[in-house]
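Content type mmCIF, C-alpha atoms, from the file protein07.cif:
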data_target
loop_
_atom_site.label_atom_id
_atom_site.label_comp_id
_atom_site.auth_asym_id
_atom_site.auth_seq_id
_atom_site.Cartn_x
_atom_site.Cartn_y
_atom_site.Cartn_z
CA THR B 271 50.52 1.55 2.50
CA SER B 272 47.89 4.30 2.23
CA ASP B 273 46.47 2.67 -0.91
CA ARG B 274 46.20 -0.67 0.89
CA SER B 275 44.46 1.00 3.83
CA LEU B 276 42.03 2.72 1.50
CA ILE B 277 41.26 -0.55 -0.27
CA ALA B 278 40.75 -2.27 3.08
CA VAL B 279 38.36 0.45 4.23
CA ARG B 280 36.37 0.27 0.99
CA THR B 281 36.19 -3.51 1.24
CA LYS B 282 34.93 -3.28 4.83
CA VAL B 283 32.30 -0.71 3.86
CA LYS B 284 31.08 -2.94 1.02
CA ARG B 285 30.92 -5.95 3.32
CA ASP B 286 29.01 -3.99 5.97
CA ALA B 287 26.58 -2.72 3.34
CA ALA B 288 26.05 -6.24 1.97
CA ARG B 289 25.51 -7.56 5.49
CA GLU B 290 22.96 -4.84 6.29
CA THR B 291 21.12 -5.52 3.03
CA ALA B 292 21.02 -9.23 3.79
CA ASN B 293 19.70 -8.48 7.28
CA LEU B 294 16.98 -6.26 5.83
CA LEU B 295 15.92 -8.99 3.40
CA ALA B 296 15.95 -11.66 6.10
CA THR B 297 13.92 -9.49 8.47
CA ASN B 298 11.39 -8.69 5.75
CA VAL B 299 11.00 -12.34 4.79
CA LEU B 300 10.58 -13.30 8.44
CA ASN B 301 7.94 -10.58 8.95
CA THR B 302 6.05 -11.77 5.87
CA VAL B 303 6.09 -15.40 7.00
CA MET B 304 4.96 -14.42 10.51
CA SER B 305 2.12 -12.30 9.12
CA LEU B 306 0.94 -15.16 6.92
CA ALA B 307 1.18 -17.59 9.82
CA VAL B 308 -0.94 -15.31 12.04
CA VAL B 309 -3.56 -14.94 9.30
CA VAL B 310 -3.77 -18.71 8.80
CA ILE B 311 -4.04 -19.35 12.55
CA LEU B 312 -6.79 -16.74 12.93
CA TRP B 313 -8.54 -18.15 9.87
CA VAL B 314 -8.62 -21.71 11.22
CA PHE B 315 -9.43 -20.59 14.78
CA SER B 316 -12.33 -18.39 13.63
CA LEU B 317 -13.92 -21.22 11.65
CA TRP B 318 -13.62 -23.46 14.71
CA ALA B 319 -14.69 -20.87 17.31
CA PHE B 320 -17.82 -19.80 15.42
CA ASP B 321 -18.61 -23.36 14.36
CA VAL B 322 -18.98 -22.35 10.71
CA SER B 323 -20.51 -24.97 8.47
CA PRO B 324 -17.92 -26.70 6.24
CA TYR B 325 -20.17 -25.95 3.29
CA ILE B 326 -19.77 -22.21 3.86
CA GLY B 327 -16.47 -21.84 5.68
CA LYS B 328 -13.47 -23.25 3.86
CA GLY B 329 -10.07 -23.63 5.46
CA PRO B 330 -6.54 -23.35 4.08
CA LEU B 331 -6.51 -27.02 3.05
CA ASP B 332 -9.75 -26.55 1.09
CA VAL B 333 -8.26 -23.60 -0.77
CA PHE B 334 -5.08 -25.55 -1.48
CA GLU B 335 -7.14 -28.43 -2.84
CA PHE B 336 -9.15 -26.06 -5.05
CA LEU B 337 -6.03 -24.42 -6.50
CA PHE B 338 -3.66 -27.37 -6.78
CA VAL B 339 -5.69 -30.61 -6.78
CA GLU B 340 -9.10 -30.13 -8.40
CA ASN B 341 -8.61 -28.95 -11.99
CA PRO B 342 -5.50 -26.94 -10.99
CA ALA B 343 -4.81 -25.42 -14.42
CA GLU B 344 -8.37 -24.17 -14.86
CA ASN B 345 -8.80 -22.91 -11.30
CA GLN B 346 -5.40 -21.22 -11.19
CA GLN B 347 -6.08 -19.50 -14.50
CA LEU B 348 -9.43 -18.31 -13.18
CA VAL B 349 -7.96 -16.83 -10.00
CA LEU B 350 -4.79 -15.40 -11.56
CA SER B 351 -6.74 -13.75 -14.37
CA ALA B 352 -9.01 -12.02 -11.86
CA LEU B 353 -6.00 -11.13 -9.70
CA GLY B 354 -4.21 -9.52 -12.64
CA GLN B 355 -7.19 -7.28 -13.35
CA THR B 356 -7.50 -6.33 -9.69
CA MET B 357 -3.81 -5.43 -9.50
CA VAL B 358 -4.18 -3.17 -12.55
CA ASP B 359 -7.21 -1.47 -11.00
CA ALA B 360 -5.46 -1.12 -7.63
CA LEU B 361 -2.35 0.35 -9.27
CA ILE B 362 -4.46 2.95 -11.10
CA GLY B 363 -6.23 4.01 -7.91
CA PHE B 364 -3.02 3.95 -5.88
CA SER B 365 -1.11 6.07 -8.41
CA PHE B 366 -3.81 8.72 -8.79
CA GLY B 367 -4.60 8.84 -5.07
CA LEU B 368 -0.98 9.13 -3.94
CA PHE B 369 -0.14 11.69 -6.62
CA PHE B 370 -3.02 13.98 -5.67
CA ALA B 371 -2.36 13.44 -1.95
CA THR B 372 1.27 14.51 -2.40
CA PHE B 373 0.37 17.46 -4.63
CA ILE B 374 -2.32 18.74 -2.28
CA SER B 375 -0.06 18.22 0.74
CA VAL B 376 2.55 20.48 -0.84
CA LEU B 377 -0.10 23.14 -1.47
CA PHE B 378 -1.32 22.86 2.14
CA THR B 379 2.23 23.24 3.43
CA VAL B 380 2.92 26.29 1.29
CA SER B 381 -0.39 28.06 1.86
CA LYS B 382 -2.74 27.95 4.85
CA SER B 383 -5.52 29.58 2.82
CA ILE B 384 -5.44 26.74 0.29
CA GLU B 385 -5.68 24.25 3.15
CA GLN B 386 -8.68 26.05 4.63
CA ALA B 387 -10.37 26.05 1.24
CA LEU B 388 -9.71 22.44 0.22
CA MET B 389 -9.69 20.50 3.51
CA PRO B 390 -13.51 20.56 3.83
CA ILE B 391 -13.73 18.90 0.41
CA ALA B 392 -11.29 16.21 1.50
CA MET B 393 -13.30 15.71 4.70
CA LEU B 394 -16.47 15.38 2.63
CA LEU B 395 -14.93 12.71 0.43
CA ARG B 396 -13.80 10.88 3.57
CA SER B 397 -17.09 11.10 5.45
CA VAL B 398 -19.45 10.00 2.66
CA PRO B 399 -19.29 6.21 2.12
CA LEU B 400 -17.92 5.34 -1.28
CA ILE B 401 -20.74 2.88 -1.87
CA ALA B 402 -23.15 5.82 -1.58
CA MET B 403 -21.18 7.92 -4.08
CA ALA B 404 -20.66 5.03 -6.48
CA PRO B 405 -23.94 5.40 -8.44
CA ILE B 406 -23.25 9.08 -9.10
CA LEU B 407 -19.63 8.43 -10.10
CA ILE B 408 -20.76 5.65 -12.45
CA LEU B 409 -23.33 7.96 -14.05
CA ILE B 410 -20.70 10.65 -14.56
CA PHE B 411 -17.67 8.57 -15.60
CA GLY B 412 -19.22 5.33 -16.85
CA ARG B 413 -18.00 1.83 -16.04
CA GLU B 414 -14.49 2.00 -17.51
CA GLN B 415 -11.03 2.73 -16.14
CA LEU B 416 -11.75 6.39 -15.42
CA THR B 417 -14.20 5.33 -12.73
CA VAL B 418 -11.56 2.97 -11.36
CA ALA B 419 -9.12 5.89 -11.12
CA VAL B 420 -11.62 8.21 -9.44
CA MET B 421 -12.94 5.72 -6.89
CA GLY B 422 -9.49 4.34 -6.12
CA ALA B 423 -8.10 7.84 -5.66
CA ILE B 424 -10.90 8.72 -3.24
CA VAL B 425 -10.10 5.69 -1.08
CA VAL B 426 -6.38 6.47 -1.01
CA LEU B 427 -6.50 10.26 -0.88
CA PHE B 428 -7.47 11.23 2.66
CA PRO B 429 -5.29 8.84 4.76
CA ALA B 430 -2.29 9.58 2.56
CA LEU B 431 -3.00 13.32 2.65
CA VAL B 432 -3.06 13.45 6.46
CA ASN B 433 0.19 11.50 6.81
CA ILE B 434 2.10 13.45 4.15
CA VAL B 435 0.98 16.84 5.49
CA PHE B 436 2.10 15.79 8.97
CA GLY B 437 5.45 14.68 7.56
CA LEU B 438 6.07 17.88 5.63
CA ARG B 439 5.35 19.92 8.75
CA SER B 440 7.57 17.79 10.98
CA ALA B 441 10.76 19.47 9.75
CA SER B 442 12.71 21.25 12.46
CA GLN B 443 12.12 25.00 12.42
CA ALA B 444 15.81 25.47 13.14
CA MET B 445 16.69 23.61 9.93
CA VAL B 446 14.21 25.72 7.97
CA ASP B 447 15.72 28.89 9.44
CA VAL B 448 19.23 27.75 8.48
CA ALA B 449 18.08 27.11 4.91
CA THR B 450 16.44 30.55 4.81
CA VAL B 451 19.59 32.24 6.11
CA TYR B 452 21.55 30.66 3.28
CA GLY B 453 19.15 32.13 0.74
CA ALA B 454 16.64 29.33 0.24
CA ASN B 455 13.13 30.41 -0.69
CA ARG B 456 9.99 28.60 0.45
CA TRP B 457 10.15 26.00 -2.32
CA ALA B 458 13.85 25.32 -1.80
CA ALA B 459 13.33 24.85 1.94
CA LEU B 460 10.48 22.49 1.14
CA ARG B 461 12.67 20.48 -1.21
CA TYR B 462 15.84 20.26 0.84
CA VAL B 463 14.46 20.28 4.41
CA ALA B 464 10.78 19.29 4.52
CA PHE B 465 10.85 16.46 1.98
CA PRO B 466 13.70 14.50 3.63
CA SER B 467 12.05 14.95 7.04
CA SER B 468 8.73 13.69 5.66
CA LEU B 469 10.06 10.37 4.34
CA PRO B 470 8.87 8.25 7.32
CA SER B 471 5.38 9.78 7.13
CA PHE B 472 5.35 9.44 3.35
CA PHE B 473 6.10 5.73 3.55
CA ALA B 474 3.50 5.36 6.29
CA ALA B 475 1.05 6.86 3.79
CA VAL B 476 2.21 4.43 1.11
CA LYS B 477 1.81 1.43 3.43
CA ILE B 478 -1.72 2.56 4.31
CA SER B 479 -2.53 3.24 0.66
CA VAL B 480 -1.54 -0.22 -0.63
CA PRO B 481 -4.33 -2.17 1.12
CA GLY B 482 -6.63 0.83 0.67
CA ALA B 483 -6.09 0.79 -3.09
CA ILE B 484 -6.79 -2.95 -3.21
CA THR B 485 -9.99 -2.46 -1.21
CA GLY B 486 -11.04 0.34 -3.55
CA ALA B 487 -10.30 -1.84 -6.57
CA LEU B 488 -12.44 -4.68 -5.19
CA LEU B 489 -15.27 -2.25 -4.52
CA VAL B 490 -15.19 -0.65 -7.95
CA GLU B 491 -15.05 -4.07 -9.61
CA TRP B 492 -18.13 -5.13 -7.71
CA LEU B 493 -20.11 -1.93 -8.30
CA ALA B 494 -18.94 -0.76 -11.71
CA THR B 495 -16.64 -2.73 -13.98
CA GLY B 496 -17.77 -6.32 -13.46
CA LYS B 497 -14.18 -7.58 -13.66
CA GLY B 498 -11.45 -8.81 -11.33
CA ILE B 499 -11.64 -10.43 -7.92
CA GLY B 500 -14.26 -7.99 -6.64
CA TYR B 501 -16.74 -9.18 -9.23
CA GLY B 502 -15.45 -12.77 -9.08
CA ILE B 503 -16.33 -13.06 -5.38
CA ILE B 504 -19.88 -11.80 -5.92
CA SER B 505 -20.32 -14.04 -8.94
CA ALA B 506 -19.02 -17.11 -7.08
CA VAL B 507 -21.32 -16.39 -4.12
CA GLY B 508 -24.29 -16.22 -6.46
CA ARG B 509 -23.32 -19.59 -7.96
CA ALA B 510 -22.71 -21.13 -4.48
CA LYS B 511 -19.03 -21.74 -5.39
CA THR B 512 -17.70 -21.37 -1.86
CA ASP B 513 -14.32 -22.93 -2.68
CA GLU B 514 -13.82 -20.31 -5.38
CA VAL B 515 -14.87 -17.50 -3.03
CA TRP B 516 -12.33 -18.50 -0.40
CA ALA B 517 -9.63 -18.96 -3.04
CA TYR B 518 -10.18 -15.37 -4.18
CA VAL B 519 -10.12 -14.08 -0.60
CA ALA B 520 -7.00 -16.05 0.33
CA THR B 521 -5.18 -14.93 -2.82
CA ILE B 522 -5.90 -11.23 -2.41
CA THR B 523 -4.99 -11.42 1.30
CA LEU B 524 -1.67 -13.08 0.47
CA VAL B 525 -0.89 -10.46 -2.18
CA SER B 526 -1.80 -7.60 0.19
CA ILE B 527 0.53 -8.89 2.90
CA VAL B 528 3.40 -9.43 0.45
CA LEU B 529 2.98 -5.96 -1.10
CA TYR B 530 2.84 -4.31 2.32
CA ASN B 531 6.09 -5.96 3.36
CA LEU B 532 7.74 -5.08 0.04
CA VAL B 533 6.89 -1.43 0.69
CA ALA B 534 8.37 -1.79 4.19
CA LEU B 535 11.56 -3.22 2.68
CA PHE B 536 11.79 -0.36 0.17
CA GLU B 537 11.15 2.11 3.00
CA ALA B 538 14.05 0.71 5.02
CA TYR B 539 16.35 0.97 1.99
CA ILE B 540 15.37 4.58 1.22
CA LEU B 541 15.60 5.70 4.85
CA LYS B 542 18.97 4.03 5.22
CA LYS B 543 20.23 5.89 2.16
CA PHE B 544 18.62 9.33 2.51
CA ALA B 545 17.68 9.57 6.21
CA PRO B 546 20.15 7.37 8.14
CA GLN B 547 19.41 9.08 11.47
CA VAL B 548 15.75 8.09 11.23
CA TRP B 549 16.63 4.59 10.05
CA LYS B 550 19.01 4.01 12.97
CA ARG B 551 16.31 4.97 15.48
CA ARG B 552 14.06 2.17 14.14
#

What is this structure when it is put down as structure tokens?
Amino acid sequence: TSDRSLIAVRTKVKRDAARETANLLATNVLNTVMSLAVVVILWVFSLWAFDVSPYIGKGPLDVFEFLFVENPAENQQLVLSALGQTMVDALIGFSFGLFFATFISVLFTVSKSIEQALMPIAMLLRSVPLIAMAPILILIFGREQLTVAVMGAIVVLFPALVNIVFGLRSASQAMVDVATVYGANRWAALRYVAFPSSLPSFFAAVKISVPGAITGALLVEWLATGKGIGYGIISAVGRAKTDEVWAYVATITLVSIVLYNLVALFEAYILKKFAPQVWKRR
């Protein structure tokens, strides 16, 4: 009888977990569709409200026709090739920026003196427009992937740094004191108390960093590398290929929305597993 009860409980737990996972997926898909619908509505409304010339302002149907009706194989290859390069550039900037933001946040949490020494530098990087720093960075690092990493990291660094530092410092002092009483040093308390408490802020930083990294990638492609969607848009504008311009913009917007919602889905899964109290409050 006890074995049957245990099996029944395990079966119920598995069913509940599967149901919650399905609900998360359904909610994420619905949010993505709603976001895309809002973007399309605003797109069409803006063209109508500002009375943009059809030669300059292309709507969703024009982009669809460019990608799937007029030379679809050639146009899709053109856009997807540029998109692939932009995603590589964005991933490089995102990875470097988030890594350094996390590393510096840990240093700031451990030592106030380090924060006082390095925060002005972070503020400087934030306050100076990247387009103004770009010529110097290009002179120093050239026009290859290292410049992509540096410029992308600068775009991602400060917003992620602020959120992660806030998250690491949001841990309850009572929990830190309990960990200290049980013999935990500063690093152990950081690992077992501060890190779990910082998960919501960390994922907020990730969600901010995803579109930021894409923006940084577009900027570095325009100013430095001459590849990807960033350069493709400028090139198409110069050749008066407005259909191509709007296809690039629509594609990168679609990808940004999808990636943002994928991060939100992953956040819900991680919080549900490692911080269920926080997840239940959402």

Got a sec: who's within 12 Å of range 322-325 of chain B, counting only C-alpha atoms, leaving out chain neighbours fewer than 2 positions off, as a PyMOL selection string?
chain B and resi 313-320+327-329+331-332+510-513+515-516

Test item: the PyMOL selection byres ((chain B and resi 429) around 9) resolved as a CSV table (one decimal) with C-alpha atoms, in the coordinates of the input:
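Wrote it out as out.csv, contents follow:
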chain,number,residue,atom,x,y,z
B,371,ALA,CA,-2.4,13.4,-2.0
B,396,ARG,CA,-13.8,10.9,3.6
B,425,VAL,CA,-10.1,5.7,-1.1
B,426,VAL,CA,-6.4,6.5,-1.0
B,427,LEU,CA,-6.5,10.3,-0.9
B,428,PHE,CA,-7.5,11.2,2.7
B,430,ALA,CA,-2.3,9.6,2.6
B,431,LEU,CA,-3.0,13.3,2.6
B,432,VAL,CA,-3.1,13.4,6.5
B,433,ASN,CA,0.2,11.5,6.8
B,434,ILE,CA,2.1,13.4,4.2
B,475,ALA,CA,1.0,6.9,3.8
B,478,ILE,CA,-1.7,2.6,4.3
B,479,SER,CA,-2.5,3.2,0.7

Between CA of Leu438 in chain B and CA of Ser467 in chain B, what is the distance in Å, rounded to a tenth?
6.8 Å

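When all atoms listed in the file are used to measure the gap to Ser442 in chain B, the shortest distance among B:Leu388, B:Ile504, B:Ile424, B:Ala464 belongs to B:Ala464.
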
Can you check which parts of range 445-493 of chain B lie within 8 Å of range 521-544 of chain B? Per residue, the shortest pair of atoms and distance in Å to one decimal, counting all atoms listed in the file, sorted by chain and number, as JSON lines.
{"residue": "B:Pro466", "atom": "CA", "partner": "B:Phe544", "partner_atom": "CA", "distance": 7.2}
{"residue": "B:Leu469", "atom": "CA", "partner": "B:Leu541", "partner_atom": "CA", "distance": 7.3}
{"residue": "B:Pro470", "atom": "CA", "partner": "B:Leu541", "partner_atom": "CA", "distance": 7.6}
{"residue": "B:Phe473", "atom": "CA", "partner": "B:Glu537", "partner_atom": "CA", "distance": 6.2}
{"residue": "B:Val476", "atom": "CA", "partner": "B:Val533", "partner_atom": "CA", "distance": 7.5}
{"residue": "B:Lys477", "atom": "CA", "partner": "B:Tyr530", "partner_atom": "CA", "distance": 5.9}
{"residue": "B:Val480", "atom": "CA", "partner": "B:Tyr530", "partner_atom": "CA", "distance": 6.7}
{"residue": "B:Pro481", "atom": "CA", "partner": "B:Ser526", "partner_atom": "CA", "distance": 6.1}
{"residue": "B:Ile484", "atom": "CA", "partner": "B:Ser526", "partner_atom": "CA", "distance": 7.6}

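Atom to atom, CA of Val380 in chain B and CA of Arg439 in chain B stand 10.1 Å apart.
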
Set the distance at 9 Å and use all atoms listed in the file: which residues neighbour range 335-350 of chain B once local chain neighbours fewer than 6 positions away are removed? I'd like the list as an NGL selection string.
:B and (498-499 or 502 or 513-514 or 517-518 or 521)

Please write the residues picked by the PyMOL selection byres ((chain B and resi 358) around 12) on this file as a CSV table (one decimal) with C-alpha atoms, keeping the file's coordinate frame.
chain,number,residue,atom,x,y,z
B,351,SER,CA,-6.7,-13.8,-14.4
B,352,ALA,CA,-9.0,-12.0,-11.9
B,353,LEU,CA,-6.0,-11.1,-9.7
B,354,GLY,CA,-4.2,-9.5,-12.6
B,355,GLN,CA,-7.2,-7.3,-13.4
B,356,THR,CA,-7.5,-6.3,-9.7
B,357,MET,CA,-3.8,-5.4,-9.5
B,359,ASP,CA,-7.2,-1.5,-11.0
B,360,ALA,CA,-5.5,-1.1,-7.6
B,361,LEU,CA,-2.4,0.4,-9.3
B,362,ILE,CA,-4.5,3.0,-11.1
B,363,GLY,CA,-6.2,4.0,-7.9
B,364,PHE,CA,-3.0,4.0,-5.9
B,365,SER,CA,-1.1,6.1,-8.4
B,415,GLN,CA,-11.0,2.7,-16.1
B,418,VAL,CA,-11.6,3.0,-11.4
B,419,ALA,CA,-9.1,5.9,-11.1
B,422,GLY,CA,-9.5,4.3,-6.1
B,483,ALA,CA,-6.1,0.8,-3.1
B,484,ILE,CA,-6.8,-3.0,-3.2
B,486,GLY,CA,-11.0,0.3,-3.6
B,487,ALA,CA,-10.3,-1.8,-6.6
B,488,LEU,CA,-12.4,-4.7,-5.2
B,491,GLU,CA,-15.0,-4.1,-9.6
B,497,LYS,CA,-14.2,-7.6,-13.7
B,498,GLY,CA,-11.4,-8.8,-11.3
B,499,ILE,CA,-11.6,-10.4,-7.9

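The closest residue to Leu416 in chain B, picked from B:Ile384, B:Met403, B:Val435, B:Ala494 and counting only C-alpha atoms, is B:Ala494.
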
Give me, please, the distance in Å between CA of Ala459 in chain B and CA of Gly367 in chain B, quoted to one decimal.
25.0 Å

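With all atoms listed in the file as the basis for measurement, B:Val463 is the residue among B:Met304, B:Pro405, B:Ala458, B:Val463 that approaches Met445 in chain B most closely.
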